[in-house]
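Working notes, structure below.
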Amino acid sequence: MNHTYKVLKSDIELFAAALSQVRVYVVQPFGEDLIDIVDYGGPLEKFTPESVKISGKYYMRGQFEFRVSM
């Protein structure tokens, strides 16, 4: 099954996701084709250079990927 998504990396992308209130899900990559979906998430509540807050939980930007479905 092919699933199209966009990885939110920059502050501008995170800001746009917060404004539009799209569902952001949290993924922990383990390799090129190996991932673990940590949280199916929700709207992005807050972000800093170090972390992102989704559904009341904080995730470190350096450890996780933040994705939106296309």
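A note on labels: chains of the structure tokens are A, B, ... as shown, every chain counts residues from 1, and ligands are counted from 1 in their shown order.
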
* To do: Within 8 Å of range 43-53 of chain A, counting only C-alpha atoms, which residues show up once you throw out same-chain ones fewer than 3 positions away? Write them as a PyMOL selection string, please.
  => chain A and resi 11+14+17-18+21-24+56-62

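Separating CA of Asp36 in chain A from CA of Ser20 in chain A is a distance of 25.3 Å.
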
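For Asp39 in chain A, the set of protein, DNA and RNA residues having any atom at most 10 Å away, when counting only C-alpha atoms and skipping those fewer than 4 positions along the same chain, is Val24, Tyr25, Val26, Val27, Gln28, Ile54, Ser55, Lys57 and Phe66 of chain A.
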
* Work out how far apart CA of Tyr40 in chain A and CA of Gln63 in chain A are and give it in Å to one decimal. => 16.2 Å

* **Residues flagged alpha helix (DSSP H) by DSSP in chain A, as a ChimeraX atom specification** => /A:11-20

Got time to write the residues from that selection, N, CA, C and O atoms, as a short mmCIF file (atom, residue, chain, number, x, y, z; two decimals), in the first residue's frame?
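again30.cif, freshly written:
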```
data_model
loop_
_atom_site.label_atom_id
_atom_site.label_comp_id
_atom_site.auth_asym_id
_atom_site.auth_seq_id
_atom_site.Cartn_x
_atom_site.Cartn_y
_atom_site.Cartn_z
N ASP A 11 10.75 25.19 10.75
CA ASP A 11 9.83 25.94 11.60
C ASP A 11 8.63 26.43 10.80
O ASP A 11 7.50 26.43 11.30
N ILE A 12 8.85 26.82 9.55
CA ILE A 12 7.76 27.31 8.71
C ILE A 12 6.74 26.20 8.45
O ILE A 12 5.52 26.43 8.49
N GLU A 13 7.22 24.99 8.17
CA GLU A 13 6.31 23.86 7.93
C GLU A 13 5.51 23.53 9.19
O GLU A 13 4.31 23.25 9.13
N LEU A 14 6.18 23.54 10.34
CA LEU A 14 5.49 23.28 11.61
C LEU A 14 4.48 24.38 11.91
O LEU A 14 3.36 24.10 12.37
N PHE A 15 4.84 25.62 11.65
CA PHE A 15 3.94 26.75 11.88
C PHE A 15 2.69 26.64 11.00
O PHE A 15 1.56 26.83 11.47
N ALA A 16 2.88 26.30 9.74
CA ALA A 16 1.75 26.13 8.82
C ALA A 16 0.83 25.00 9.29
O ALA A 16 -0.39 25.12 9.23
N ALA A 17 1.41 23.91 9.77
CA ALA A 17 0.60 22.79 10.28
C ALA A 17 -0.18 23.20 11.53
O ALA A 17 -1.34 22.83 11.70
N ALA A 18 0.45 24.01 12.38
CA ALA A 18 -0.24 24.48 13.59
C ALA A 18 -1.40 25.40 13.22
O ALA A 18 -2.50 25.29 13.78
N LEU A 19 -1.18 26.28 12.27
CA LEU A 19 -2.24 27.21 11.85
C LEU A 19 -3.41 26.49 11.19
O LEU A 19 -4.57 26.82 11.42
N SER A 20 -3.11 25.51 10.37
CA SER A 20 -4.17 24.81 9.64
C SER A 20 -4.82 23.70 10.47
O SER A 20 -5.83 23.13 10.04
#
```

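CA of Ser10 in chain A sits 16.7 Å away from CA of Ser69 in chain A.
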
* For Phe30 in chain A, which of A:Gly42, A:Lys9, A:Glu65, A:His3 is the closest residue, counting only C-alpha atoms? ->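 Closest to Phe30 in chain A of all the choices is A:Glu65.
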